[in-house]
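*Asks:* Below is structure-v1.txt; it holds compact mmCIF, C-alpha atoms.
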# COMPACT_ATOMS: atom_id res chain seq x y z
CA MET A 1 -50.14 -109.93 98.29
CA LYS A 2 -52.40 -110.99 101.16
CA ILE A 3 -51.03 -109.58 104.41
CA ILE A 4 -52.19 -109.84 108.02
CA ILE A 5 -51.05 -107.18 110.49
CA ALA A 6 -51.30 -108.25 114.14
CA GLY A 7 -51.59 -105.15 116.31
CA CYS A 8 -53.35 -101.84 115.61
CA GLY A 9 -51.05 -99.44 117.42
CA LYS A 10 -49.11 -96.60 115.79
CA VAL A 11 -46.88 -98.95 113.79
CA GLY A 12 -49.74 -101.25 112.79
CA ARG A 13 -51.75 -98.29 111.53
CA SER A 14 -48.76 -96.85 109.64
CA LEU A 15 -48.13 -100.22 107.99
CA ALA A 16 -51.80 -100.59 107.07
CA VAL A 17 -51.76 -97.20 105.33
CA ALA A 18 -48.52 -97.92 103.46
CA LEU A 19 -49.31 -101.48 102.39
CA ALA A 20 -52.97 -100.90 101.48
CA GLY A 21 -51.85 -97.84 99.52
CA SER A 22 -49.48 -100.07 97.55
CA GLY A 23 -52.35 -102.32 96.47
CA HIS A 24 -51.97 -105.17 98.95
CA GLU A 25 -54.96 -106.96 100.47
CA VAL A 26 -54.54 -106.19 104.17
CA THR A 27 -56.29 -107.64 107.23
CA VAL A 28 -55.64 -106.21 110.70
CA ILE A 29 -56.17 -108.19 113.93
CA ASP A 30 -56.56 -106.66 117.38
CA LYS A 31 -58.48 -107.40 120.58
CA ASP A 32 -59.32 -103.72 121.03
CA SER A 33 -62.43 -102.86 119.02
CA ASP A 34 -61.75 -99.11 119.24
CA ALA A 35 -58.20 -99.46 117.92
CA LEU A 36 -59.48 -101.70 115.15
CA ALA A 37 -62.22 -99.25 114.19
CA SER A 38 -59.77 -96.32 114.05
CA VAL A 39 -57.84 -98.16 111.34
CA THR A 40 -60.68 -99.70 109.35
CA ASN A 41 -62.63 -96.42 109.28
CA SER A 42 -59.76 -94.55 107.65
CA VAL A 43 -57.89 -97.20 105.63
CA ASP A 44 -59.19 -99.68 103.05
CA VAL A 45 -58.40 -102.81 105.07
CA ILE A 46 -60.33 -105.70 106.62
CA GLY A 47 -60.65 -105.69 110.40
CA TYR A 48 -60.83 -108.82 112.58
CA GLN A 49 -61.36 -108.53 116.33
CA GLY A 50 -59.54 -111.35 118.04
CA ASP A 51 -56.38 -112.69 119.66
CA CYS A 52 -53.48 -112.97 117.21
CA THR A 53 -52.00 -115.80 119.31
CA SER A 54 -55.15 -117.89 118.86
CA ILE A 55 -55.00 -120.55 116.14
CA LYS A 56 -58.75 -120.20 115.66
CA SER A 57 -58.53 -116.42 115.26
CA GLN A 58 -55.70 -116.66 112.75
CA ILE A 59 -57.56 -119.26 110.69
CA GLU A 60 -60.74 -117.17 110.70
CA ALA A 61 -58.69 -114.12 109.66
CA GLY A 62 -57.42 -116.09 106.66
CA ILE A 63 -53.90 -117.15 107.63
CA LYS A 64 -53.98 -120.23 105.38
CA LYS A 65 -54.28 -118.02 102.30
CA THR A 66 -52.01 -115.27 103.60
CA ASP A 67 -48.55 -114.56 102.15
CA LEU A 68 -47.20 -112.59 105.11
CA LEU A 69 -48.04 -111.98 108.76
CA ILE A 70 -46.53 -108.90 110.44
CA ALA A 71 -46.71 -108.98 114.25
CA VAL A 72 -46.36 -105.52 115.80
CA ALA A 73 -48.33 -105.90 119.04
CA ASN A 74 -46.95 -104.22 122.17
CA ASP A 75 -45.58 -107.47 123.64
CA ASP A 76 -42.51 -109.21 122.16
CA GLU A 77 -43.66 -112.65 123.31
CA ILE A 78 -47.07 -112.17 121.69
CA ASN A 79 -45.39 -111.17 118.43
CA MET A 80 -43.11 -114.20 118.45
CA LEU A 81 -45.92 -116.62 119.31
CA ALA A 82 -48.20 -115.12 116.65
CA CYS A 83 -45.45 -115.61 114.05
CA LEU A 84 -44.78 -119.18 115.17
CA ILE A 85 -48.49 -120.06 114.88
CA ALA A 86 -48.75 -118.38 111.48
CA ARG A 87 -45.68 -120.25 110.24
CA LYS A 88 -46.97 -123.64 111.40
CA THR A 89 -50.64 -123.11 110.53
CA GLY A 90 -50.53 -121.22 107.26
CA HIS A 91 -46.91 -121.47 106.08
CA ALA A 92 -46.85 -117.67 105.67
CA HIS A 93 -43.73 -115.53 105.78
CA THR A 94 -43.50 -113.76 109.14
CA ILE A 95 -42.08 -110.53 110.53
CA ALA A 96 -41.88 -109.82 114.26
CA ARG A 97 -41.18 -106.61 116.10
CA ILE A 98 -38.92 -107.58 119.01
CA ARG A 99 -37.99 -104.64 121.21
CA SER A 100 -36.68 -105.89 124.55
CA PRO A 101 -32.90 -105.56 125.12
CA GLN A 102 -32.94 -109.04 126.72
CA TYR A 103 -33.48 -110.53 123.24
CA THR A 104 -30.84 -108.39 121.51
CA GLU A 105 -28.05 -110.97 121.65
CA GLU A 106 -30.45 -113.81 120.86
CA ILE A 107 -32.19 -112.30 117.85
CA GLY A 108 -30.37 -114.49 115.32
CA TYR A 109 -31.22 -117.65 117.24
CA LEU A 110 -34.86 -116.62 117.67
CA ARG A 111 -35.19 -115.78 113.99
CA ASP A 112 -33.90 -119.20 112.98
CA GLU A 113 -35.84 -121.22 115.55
CA LEU A 114 -39.14 -119.41 114.95
CA GLY A 115 -38.71 -119.39 111.20
CA LEU A 116 -38.99 -115.60 111.06
CA SER A 117 -38.42 -113.98 107.69
CA MET A 118 -37.43 -110.79 109.48
CA ALA A 119 -37.06 -109.52 113.04
CA ILE A 120 -36.81 -105.81 113.75
CA ASN A 121 -35.89 -103.96 116.91
CA PRO A 122 -37.15 -100.39 116.25
CA GLU A 123 -35.36 -98.82 119.20
CA ARG A 124 -32.03 -100.33 118.21
CA VAL A 125 -32.49 -99.23 114.60
CA ALA A 126 -33.48 -95.74 115.80
CA ALA A 127 -30.31 -95.58 117.89
CA ALA A 128 -28.23 -96.49 114.84
CA GLU A 129 -30.00 -93.73 112.89
CA ILE A 130 -29.19 -91.21 115.61
CA ILE A 131 -25.55 -92.29 115.56
CA ARG A 132 -25.40 -91.51 111.82
CA LEU A 133 -26.92 -88.09 112.44
CA ILE A 134 -24.46 -87.37 115.24
CA GLN A 135 -21.52 -88.34 113.02
CA ILE A 136 -22.64 -85.65 110.56
CA PRO A 137 -24.02 -82.93 112.89
CA SER A 138 -25.16 -80.55 110.14
CA ALA A 139 -27.28 -83.22 108.42
CA LEU A 140 -31.07 -83.19 108.68
CA GLU A 141 -31.16 -86.89 107.77
CA VAL A 142 -28.60 -89.54 106.87
CA ASP A 143 -29.31 -92.80 105.03
CA THR A 144 -26.77 -95.34 103.84
CA PHE A 145 -26.59 -97.64 100.84
CA ALA A 146 -24.17 -100.16 99.34
CA ARG A 147 -23.48 -101.62 102.80
CA GLY A 148 -22.45 -98.27 104.21
CA LYS A 149 -20.20 -97.15 101.34
CA VAL A 150 -22.60 -94.47 100.11
CA SER A 151 -24.41 -91.88 102.20
CA LEU A 152 -27.51 -89.92 101.23
CA ILE A 153 -27.36 -86.77 103.32
CA GLY A 154 -30.09 -84.20 103.75
CA ILE A 155 -28.81 -80.66 104.42
CA GLU A 156 -29.96 -77.05 104.24
CA ILE A 157 -27.90 -74.63 102.12
CA PRO A 158 -26.56 -71.93 104.48
CA GLU A 159 -26.53 -68.20 103.85
CA ASP A 160 -23.51 -66.95 101.88
CA SER A 161 -22.84 -70.47 100.60
CA ILE A 162 -20.99 -70.92 97.33
CA LEU A 163 -24.07 -72.88 96.23
CA ASP A 164 -26.38 -69.85 96.46
CA ASN A 165 -27.65 -69.03 92.92
CA MET A 166 -25.47 -71.78 91.42
CA LYS A 167 -26.69 -74.09 88.67
CA ILE A 168 -26.18 -77.76 89.52
CA ARG A 169 -24.17 -78.34 86.32
CA ASP A 170 -21.50 -75.99 87.76
CA LEU A 171 -21.14 -77.94 91.02
CA SER A 172 -18.20 -80.18 90.15
CA HIS A 173 -16.26 -77.29 88.59
CA LYS A 174 -16.81 -74.68 91.32
CA VAL A 175 -16.90 -76.92 94.39
CA LYS A 176 -14.60 -79.67 93.06
CA SER A 177 -16.55 -82.51 94.64
CA ASN A 178 -17.93 -85.89 93.60
CA ALA A 179 -21.19 -85.11 95.38
CA LEU A 180 -24.38 -85.66 93.39
CA ILE A 181 -27.44 -83.58 94.28
CA CYS A 182 -30.40 -85.94 94.00
CA VAL A 183 -33.36 -83.98 95.40
CA THR A 184 -33.99 -80.31 96.11
CA GLU A 185 -36.72 -78.48 98.01
CA HIS A 186 -37.24 -74.79 97.21
CA GLU A 187 -40.12 -72.94 98.88
CA LYS A 188 -41.65 -76.34 99.84
CA GLN A 189 -41.57 -77.55 96.22
CA ILE A 190 -39.80 -80.88 95.69
CA GLU A 191 -37.78 -81.41 92.51
CA ILE A 192 -35.62 -84.18 91.12
CA PRO A 193 -33.12 -81.73 89.65
CA ASN A 194 -31.21 -81.51 86.39
CA GLY A 195 -28.14 -79.53 85.41
CA GLU A 196 -30.15 -76.34 84.91
CA THR A 197 -31.70 -76.38 88.39
CA VAL A 198 -30.61 -73.30 90.37
CA LEU A 199 -29.81 -73.67 94.07
CA HIS A 200 -30.63 -71.01 96.69
CA ALA A 201 -29.64 -70.35 100.29
CA GLY A 202 -32.26 -71.89 102.54
CA ASP A 203 -33.07 -74.71 100.10
CA LYS A 204 -32.99 -78.26 101.40
CA MET A 205 -31.25 -80.90 99.33
CA SER A 206 -30.26 -84.56 99.48
CA VAL A 207 -26.76 -85.39 98.31
CA THR A 208 -25.01 -88.71 97.67
CA LEU A 209 -21.31 -89.11 98.38
CA SER A 210 -18.98 -91.41 100.26
CA LEU A 211 -18.69 -90.98 104.02
CA ALA A 212 -15.01 -90.05 103.63
CA GLU A 213 -15.94 -87.08 101.43
CA VAL A 214 -18.64 -85.63 103.66
CA SER A 215 -16.55 -83.28 105.83
CA ASP A 216 -14.66 -81.83 102.87
CA PHE A 217 -17.86 -81.20 100.91
CA LEU A 218 -19.63 -79.56 103.86
CA ASN A 219 -16.68 -77.25 104.52
CA LYS A 220 -16.57 -76.21 100.88
CA ILE A 221 -20.25 -75.22 100.82
CA GLY A 222 -20.01 -73.22 104.05
CA ILE A 223 -21.03 -75.76 106.68
CA LYS A 224 -18.32 -76.22 109.25
CA ALA A 225 -18.01 -79.90 110.13
CA LYS A 226 -17.53 -80.38 113.88
CA LYS A 227 -16.47 -83.52 115.67
CA ILE A 228 -18.91 -84.56 118.37
CA LYS A 229 -17.35 -85.09 121.80
CA ASN A 230 -20.14 -84.40 124.33
CA VAL A 231 -23.71 -85.69 124.01
CA MET A 232 -26.67 -85.29 126.34
CA ILE A 233 -29.55 -87.80 126.26
CA ALA A 234 -32.79 -86.46 127.72
CA GLY A 235 -34.92 -89.45 128.69
CA CYS A 236 -33.25 -92.83 128.61
CA GLY A 237 -35.68 -95.57 127.73
CA THR A 238 -34.75 -98.43 125.42
CA THR A 239 -33.66 -96.20 122.53
CA GLY A 240 -31.58 -94.06 124.87
CA TYR A 241 -29.95 -97.16 126.34
CA TYR A 242 -28.90 -98.51 122.94
CA LEU A 243 -27.70 -95.04 121.92
CA ALA A 244 -25.67 -94.47 125.08
CA GLN A 245 -24.00 -97.85 124.68
CA ARG A 246 -22.93 -97.02 121.13
CA LEU A 247 -21.73 -93.52 122.02
CA VAL A 248 -19.66 -94.71 124.97
CA SER A 249 -18.06 -97.38 122.76
CA HIS A 250 -17.04 -94.54 120.40
CA ARG A 251 -15.39 -92.74 123.34
CA ILE A 252 -17.91 -89.92 123.37
CA ASN A 253 -18.75 -88.31 126.70
CA VAL A 254 -22.37 -89.11 127.52
CA LYS A 255 -24.57 -87.29 130.02
CA ILE A 256 -28.02 -88.82 130.68
CA ILE A 257 -30.90 -86.99 132.36
CA GLU A 258 -33.61 -89.41 133.47
CA LYS A 259 -36.62 -88.67 135.71
CA ASP A 260 -37.22 -92.17 137.11
CA PRO A 261 -34.90 -92.95 140.09
CA LYS A 262 -35.15 -96.72 139.58
CA ARG A 263 -34.25 -96.36 135.92
CA CYS A 264 -31.27 -94.22 136.93
CA GLU A 265 -30.01 -97.01 139.18
CA GLU A 266 -30.38 -99.52 136.33
CA LEU A 267 -28.52 -97.24 133.91
CA ALA A 268 -25.69 -96.69 136.39
CA ASP A 269 -25.09 -100.46 136.37
CA LEU A 270 -25.67 -100.95 132.63
CA ILE A 271 -23.62 -97.98 131.37
CA PRO A 272 -21.05 -97.17 134.08
CA LYS A 273 -19.04 -94.87 131.79
CA ALA A 274 -21.98 -92.51 131.29
CA MET A 275 -22.87 -89.71 133.72
CA ILE A 276 -26.38 -90.34 135.06
CA ILE A 277 -28.38 -87.40 136.43
CA CYS A 278 -31.73 -88.04 138.11
CA GLY A 279 -33.95 -85.11 137.22
CA ASP A 280 -36.43 -83.53 134.84
CA ALA A 281 -34.88 -82.69 131.47
CA THR A 282 -37.47 -79.94 130.97
CA ASP A 283 -36.28 -78.12 134.13
CA LYS A 284 -34.54 -74.97 132.90
CA ASN A 285 -32.39 -74.60 136.02
CA LEU A 286 -31.19 -78.20 135.80
CA LEU A 287 -30.34 -77.78 132.10
CA LEU A 288 -28.34 -74.63 132.78
CA GLN A 289 -26.61 -76.28 135.73
CA GLU A 290 -25.59 -79.18 133.46
CA SER A 291 -24.36 -76.76 130.75
CA VAL A 292 -26.75 -77.92 128.06
CA ASP A 293 -25.61 -75.10 125.78
CA ASP A 294 -22.04 -76.47 125.84
CA MET A 295 -23.10 -79.87 124.50
CA ASP A 296 -22.22 -80.81 120.93
CA ALA A 297 -25.51 -82.70 120.58
CA VAL A 298 -28.68 -83.19 122.62
CA CYS A 299 -31.00 -86.15 121.94
CA CYS A 300 -34.55 -85.50 123.14
CA LEU A 301 -35.91 -89.00 123.74
CA MET A 302 -38.51 -88.52 126.47
CA HIS A 303 -41.85 -90.32 126.29
CA GLN A 304 -43.86 -87.12 125.74
CA ASP A 305 -43.59 -85.55 122.29
CA GLU A 306 -44.42 -82.13 123.73
CA ALA A 307 -41.49 -82.32 126.14
CA ASN A 308 -39.11 -83.33 123.35
CA ILE A 309 -40.26 -80.51 121.08
CA LEU A 310 -40.09 -77.85 123.81
CA LEU A 311 -36.62 -78.98 124.89
CA SER A 312 -35.34 -78.80 121.30
CA LEU A 313 -36.79 -75.31 120.87
CA PHE A 314 -35.22 -74.17 124.15
CA ILE A 315 -31.80 -75.50 123.17
CA GLY A 316 -32.09 -73.77 119.79
CA MET A 317 -32.68 -70.46 121.58
CA MET A 318 -29.74 -71.07 123.93
CA ASN A 319 -27.24 -72.13 121.27
CA SER A 320 -28.29 -72.78 117.67
CA LYS A 321 -24.99 -74.59 117.03
CA VAL A 322 -25.95 -77.50 119.29
CA LYS A 323 -27.12 -80.47 117.21
CA THR A 324 -30.62 -81.45 118.36
CA ILE A 325 -32.41 -84.71 117.63
CA THR A 326 -36.10 -84.86 118.48
CA ARG A 327 -38.13 -88.04 118.80
CA VAL A 328 -41.80 -87.73 117.84
CA HIS A 329 -44.40 -90.49 118.29
CA ARG A 330 -47.74 -88.94 117.36
CA ASN A 331 -48.86 -88.84 113.73
CA SER A 332 -50.50 -85.46 114.19
CA TYR A 333 -47.21 -83.87 115.28
CA GLU A 334 -44.98 -85.14 112.48
CA ASP A 335 -46.20 -82.64 109.89
CA LEU A 336 -46.17 -79.78 112.41
CA VAL A 337 -42.64 -80.25 113.70
CA THR A 338 -41.11 -80.16 110.22
CA GLU A 339 -41.95 -76.45 110.25
CA LEU A 340 -40.19 -75.89 113.60
CA PRO A 341 -36.45 -75.51 114.35
CA VAL A 342 -36.16 -78.80 116.24
CA GLY A 343 -33.18 -80.26 114.38
CA SER A 344 -33.42 -83.81 113.07
CA ILE A 345 -36.66 -85.68 113.70
CA ILE A 346 -36.68 -89.37 114.65
CA SER A 347 -39.76 -91.59 114.58
CA THR A 348 -39.40 -95.27 115.49
CA LYS A 349 -42.78 -95.83 113.84
CA SER A 350 -41.54 -94.45 110.52
CA ILE A 351 -38.25 -96.35 110.71
CA THR A 352 -40.05 -99.64 111.38
CA THR A 353 -42.55 -99.01 108.59
CA ASP A 354 -39.79 -98.23 106.08
CA TYR A 355 -37.89 -101.42 106.91
CA ILE A 356 -40.94 -103.65 106.69
CA VAL A 357 -42.33 -102.04 103.52
CA GLY A 358 -38.91 -102.51 101.91
CA TYR A 359 -39.00 -106.20 102.76
CA VAL A 360 -42.54 -106.57 101.43
CA ARG A 361 -41.48 -104.96 98.17
CA SER A 362 -38.63 -107.44 97.82
CA MET A 363 -41.03 -110.36 98.39
CA GLN A 364 -43.09 -109.29 95.39
CA ASN A 365 -40.29 -109.95 92.93
CA SER A 366 -40.25 -113.42 91.43
CA ILE A 367 -36.50 -113.30 90.80
CA GLY A 368 -35.57 -112.48 94.37
CA SER A 369 -35.02 -109.43 96.54
CA GLU A 370 -34.55 -106.47 94.22
CA VAL A 371 -35.26 -103.86 96.89
CA GLU A 372 -32.10 -103.96 98.99
CA ALA A 373 -32.80 -100.76 100.93
CA LEU A 374 -35.67 -98.29 101.13
CA TYR A 375 -35.95 -94.89 102.80
CA GLN A 376 -38.56 -92.16 102.85
CA ILE A 377 -36.86 -88.75 102.59
CA MET A 378 -37.90 -85.11 102.32
CA ASP A 379 -40.76 -85.54 104.82
CA ASN A 380 -41.85 -88.81 103.14
CA ARG A 381 -42.43 -87.12 99.79
CA VAL A 382 -39.54 -88.89 98.06
CA GLU A 383 -38.37 -92.51 98.11
CA ALA A 384 -34.75 -93.52 97.95
CA LEU A 385 -34.22 -97.17 97.00
CA GLU A 386 -31.33 -99.49 96.32
CA LEU A 387 -32.40 -101.87 93.55
CA ALA A 388 -30.58 -105.00 92.40
CA VAL A 389 -29.98 -105.51 88.68
CA GLY A 390 -30.97 -109.09 87.82
CA GLN A 391 -30.20 -111.28 84.84
CA ASP A 392 -33.52 -110.48 83.18
CA PHE A 393 -32.94 -106.71 83.07
CA GLU A 394 -33.28 -106.07 79.34
CA TYR A 395 -31.41 -102.76 79.43
CA ALA A 396 -28.19 -104.14 80.91
CA GLY A 397 -25.26 -102.65 79.01
CA VAL A 398 -27.30 -99.76 77.58
CA GLU A 399 -25.76 -96.34 78.24
CA LEU A 400 -27.76 -94.31 80.74
CA LYS A 401 -28.19 -91.44 78.30
CA ASP A 402 -30.19 -93.80 76.09
CA LEU A 403 -32.50 -94.95 78.90
CA LYS A 404 -35.87 -93.24 79.17
CA LEU A 405 -36.46 -93.11 82.90
CA ILE A 406 -39.90 -92.51 84.33
CA ASP A 407 -40.66 -88.93 85.37
CA ASN A 408 -39.07 -87.45 88.50
CA THR A 409 -36.57 -90.29 88.85
CA LEU A 410 -32.77 -90.20 89.07
CA ILE A 411 -30.07 -92.87 89.32
CA CYS A 412 -27.74 -91.51 92.02
CA CYS A 413 -25.01 -94.13 92.09
CA ILE A 414 -24.11 -97.63 90.98
CA ASN A 415 -22.49 -100.26 93.19
CA ARG A 416 -20.49 -102.67 91.04
CA LYS A 417 -18.85 -105.37 93.14
CA GLY A 418 -18.00 -102.84 95.84
CA GLU A 419 -16.86 -100.12 93.45
CA ILE A 420 -19.05 -97.01 93.73
CA ILE A 421 -19.73 -95.30 90.41
CA ARG A 422 -21.09 -91.75 90.19
CA PRO A 423 -23.12 -92.26 87.04
CA GLY A 424 -22.74 -90.22 83.87
CA GLY A 425 -24.46 -90.53 80.52
CA ARG A 426 -21.92 -93.05 79.18
CA ASP A 427 -22.19 -95.38 82.19
CA THR A 428 -24.30 -98.55 82.12
CA LEU A 429 -26.20 -100.83 84.48
CA GLU A 430 -24.82 -104.37 84.44
CA VAL A 431 -26.13 -107.65 85.81
CA GLY A 432 -25.03 -107.96 89.45
CA ASP A 433 -24.99 -104.21 90.04
CA SER A 434 -27.19 -102.40 92.50
CA ALA A 435 -28.42 -98.88 91.74
CA VAL A 436 -29.47 -96.20 94.19
CA VAL A 437 -32.54 -94.44 92.81
CA VAL A 438 -34.49 -91.45 94.10
CA THR A 439 -38.02 -90.84 92.87
CA THR A 440 -41.28 -89.12 93.70
CA GLN A 441 -43.05 -92.17 92.23
CA LYS A 442 -44.16 -94.30 95.18
CA GLY A 443 -44.34 -98.08 95.16
CA LEU A 444 -41.48 -99.10 92.86
CA ASN A 445 -40.50 -102.72 93.41
CA SER A 446 -38.00 -103.46 90.65
CA ILE A 447 -35.25 -101.94 88.53
CA HIS A 448 -37.46 -102.69 85.52
CA GLU A 449 -40.02 -100.16 86.70
CA ILE A 450 -37.71 -97.13 86.47
CA VAL A 451 -37.57 -97.41 82.66
CA ARG A 452 -40.55 -96.41 80.53
Spit out the file's structure as structure tokens when you get a sec.

*Replies:*
Amino acid sequence: MKIIIAGCGKVGRSLAVALAGSGHEVTVIDKDSDALASVTNSVDVIGYQGDCTSIKSQIEAGIKKTDLLIAVANDDEINMLACLIARKTGHAHTIARIRSPQYTEEIGYLRDELGLSMAINPERVAAAEIIRLIQIPSALEVDTFARGKVSLIGIEIPEDSILDNMKIRDLSHKVKSNALICVTEHEKQIEIPNGETVLHAGDKMSVTLSLAEVSDFLNKIGIKAKKIKNVMIAGCGTTGYYLAQRLVSHRINVKIIEKDPKRCEELADLIPKAMIICGDATDKNLLLQESVDDMDAVCCLMHQDEANILLSLFIGMMNSKVKTITRVHRNSYEDLVTELPVGSIISTKSITTDYIVGYVRSMQNSIGSEVEALYQIMDNRVEALELAVGQDFEYAGVELKDLKLIDNTLICCINRKGEIIRPGGRDTLEVGDSAVVVTTQKGLNSIHEIVR
């Protein structure tokens, strides 16, 4: 596909890497020559210096022959205008990043009126991701499929767990659970496991099961599930605002520490049920005064990555049982922080990229949107996808034991008209199903591609 990305910030760069790596012909537009050069010098894309809201610039960049324009500039209005021009000038599909809370309630109207194929609010999506992590405090990451009926949960096997030195084939007998272990990481080595794979304390793994079964499974493997009642938000920008709103609506006690006095006044009006504290969340005395070690969860959402990381490390030293969520912006820090005890890591850039790449994958299929959901898990080394089974799937009705799947690929569950099936060898994929698949093979677009 021919794709234009308007905006060469962190998200634009991340999209350029992902889409060019998947074989798409990508052009990036930006006014800033330095930002443009930083992308074109490291990624195989075409650079065009210009204004993405200029009809002339879009035409010169090739909009009339472009399949999709993705507008991820820093200004919502610029993104919307760029998409409108692209739609009218080149008849391309369009995706706009729209971040401002003032557009939250109007997003459906704007999407329809501007002819947007997709509109994404990264901060709101990030807040929803944090909510899922807070609901399951012991999880490193939580992704959902089948419209929320299935969860893919990343956890670390604790010491003295029943899972230590257990073969996966013994899981259902010894633990008596419907959980399916989809991915394991032992000594930094990723594996799509089979029944003979041996689990060890300290291993990370991703497990599929229904949300209702999560607490029972965690308790059985030695992770005590705890209900979250008190949450602290350190730094309350747009993501923090959306998060606080959701938490308060769930009757969770919310304490916000925000440095900017004017922002504190705004938050007091916007979220009256939250406790607003004007201060520096990296001030040790303030944290102790506000009993940070008694919180059930602390969300580190300040603008500076360094402050978020240091706060998470400090909380871990104070009380390792406090759930910490750390937001990281900079690419150079993402690999580093995975080695540090900073709890769950949130990146709005990564979330936005995953959503948009998933949509692009669905556009490639001539029979419609086969990629219904897409997540990068295990530090982006594994993809988890929900793929629709269309009428032209030649292996419909064939038992899974007779399917020759591509290497390092596993079907985790099947959604059949709302019924969730934990697949065994005698189960089949049928037209109308959707299948959740995990794989180390990047770039899958269709259910057809998982079979050799």

*Asks:* Which neighbours of stretch 175-180 of chain A fall inside 7 Å, counting all atoms listed in the file, when residues of the same chain fewer than 3 positions from it are skipped, and could you give them as a ChimeraX atom specification?

*Replies:* /A:171-172,207-209,217,220,412

*Asks:* Restricting the output to C-alpha atoms, write the selected residues as a compact mmCIF listing (two decimals), in the frame of the given file.

*Replies:*
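What landed in selection.txt:
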# COMPACT_ATOMS: atom_id res chain seq x y z
CA LEU A 171 -21.14 -77.94 91.02
CA SER A 172 -18.20 -80.18 90.15
CA VAL A 207 -26.76 -85.39 98.31
CA THR A 208 -25.01 -88.71 97.67
CA LEU A 209 -21.31 -89.11 98.38
CA PHE A 217 -17.86 -81.20 100.91
CA LYS A 220 -16.57 -76.21 100.88
CA CYS A 412 -27.74 -91.51 92.02

*Asks:* Separation of atom CA of A:Ser100 and atom CA of A:Pro261, in Å?

*Replies:*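 Going from atom CA of A:Ser100 over to atom CA of A:Pro261 covers 20.3 Å.
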
*Asks:* Mind pulling up the distance from atom CA of A:Arg124 to atom CA of A:Ala6?

*Replies:*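 Computed distance, atom CA of A:Ala6 to atom CA of A:Arg124, equals 21.2 Å.
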
*Asks:* Stretch 83-153 of chain A near stretch 231-244 of chain A within 7 Å: what's each residue's closest atom pair and its distance in Å to one decimal, counting only C-alpha atoms, ordered by chain then ascending residue number, as JSON lines?

*Replies:*
{"residue": "A:Glu123", "atom": "CA", "partner": "A:Thr239", "partner_atom": "CA", "distance": 4.6}
{"residue": "A:Arg124", "atom": "CA", "partner": "A:Tyr242", "partner_atom": "CA", "distance": 6.0}
{"residue": "A:Ala126", "atom": "CA", "partner": "A:Thr239", "partner_atom": "CA", "distance": 6.7}
{"residue": "A:Ala127", "atom": "CA", "partner": "A:Leu243", "partner_atom": "CA", "distance": 4.8}

*Asks:* For A:Met363, find every residue with an atom within 10 Å (counting all atoms listed in the file), except residues of its own chain fewer than 6 positions away, and show them as a ChimeraX atom specification.

*Replies:* /A:1,67-68,93,357,369-371,445

*Asks:* Would you mind exporting stretch 28-47 of chain A with C-alpha atoms, as a CSV table (one decimal), in the first residue's frame?

*Replies:*
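Wrote it out as result-v7.csv, contents follow:
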chain,number,residue,atom,x,y,z
A,28,VAL,CA,6.4,11.2,5.5
A,29,ILE,CA,5.5,14.9,5.5
A,30,ASP,CA,6.8,17.5,8.0
A,31,LYS,CA,7.7,21.2,8.0
A,32,ASP,CA,10.7,20.5,10.2
A,33,SER,CA,13.7,19.4,8.1
A,34,ASP,CA,15.6,18.0,11.1
A,35,ALA,CA,12.7,15.9,12.2
A,36,LEU,CA,12.2,14.7,8.6
A,37,ALA,CA,15.9,13.8,8.3
A,38,SER,CA,15.9,11.8,11.5
A,39,VAL,CA,13.3,9.5,10.0
A,40,THR,CA,14.5,9.3,6.4
A,41,ASN,CA,18.1,8.6,7.5
A,42,SER,CA,17.1,5.6,9.6
A,43,VAL,CA,14.0,4.2,7.8
A,44,ASP,CA,13.5,3.3,4.2
A,45,VAL,CA,10.8,6.0,3.5
A,46,ILE,CA,10.4,9.0,1.3
A,47,GLY,CA,10.6,12.4,3.0
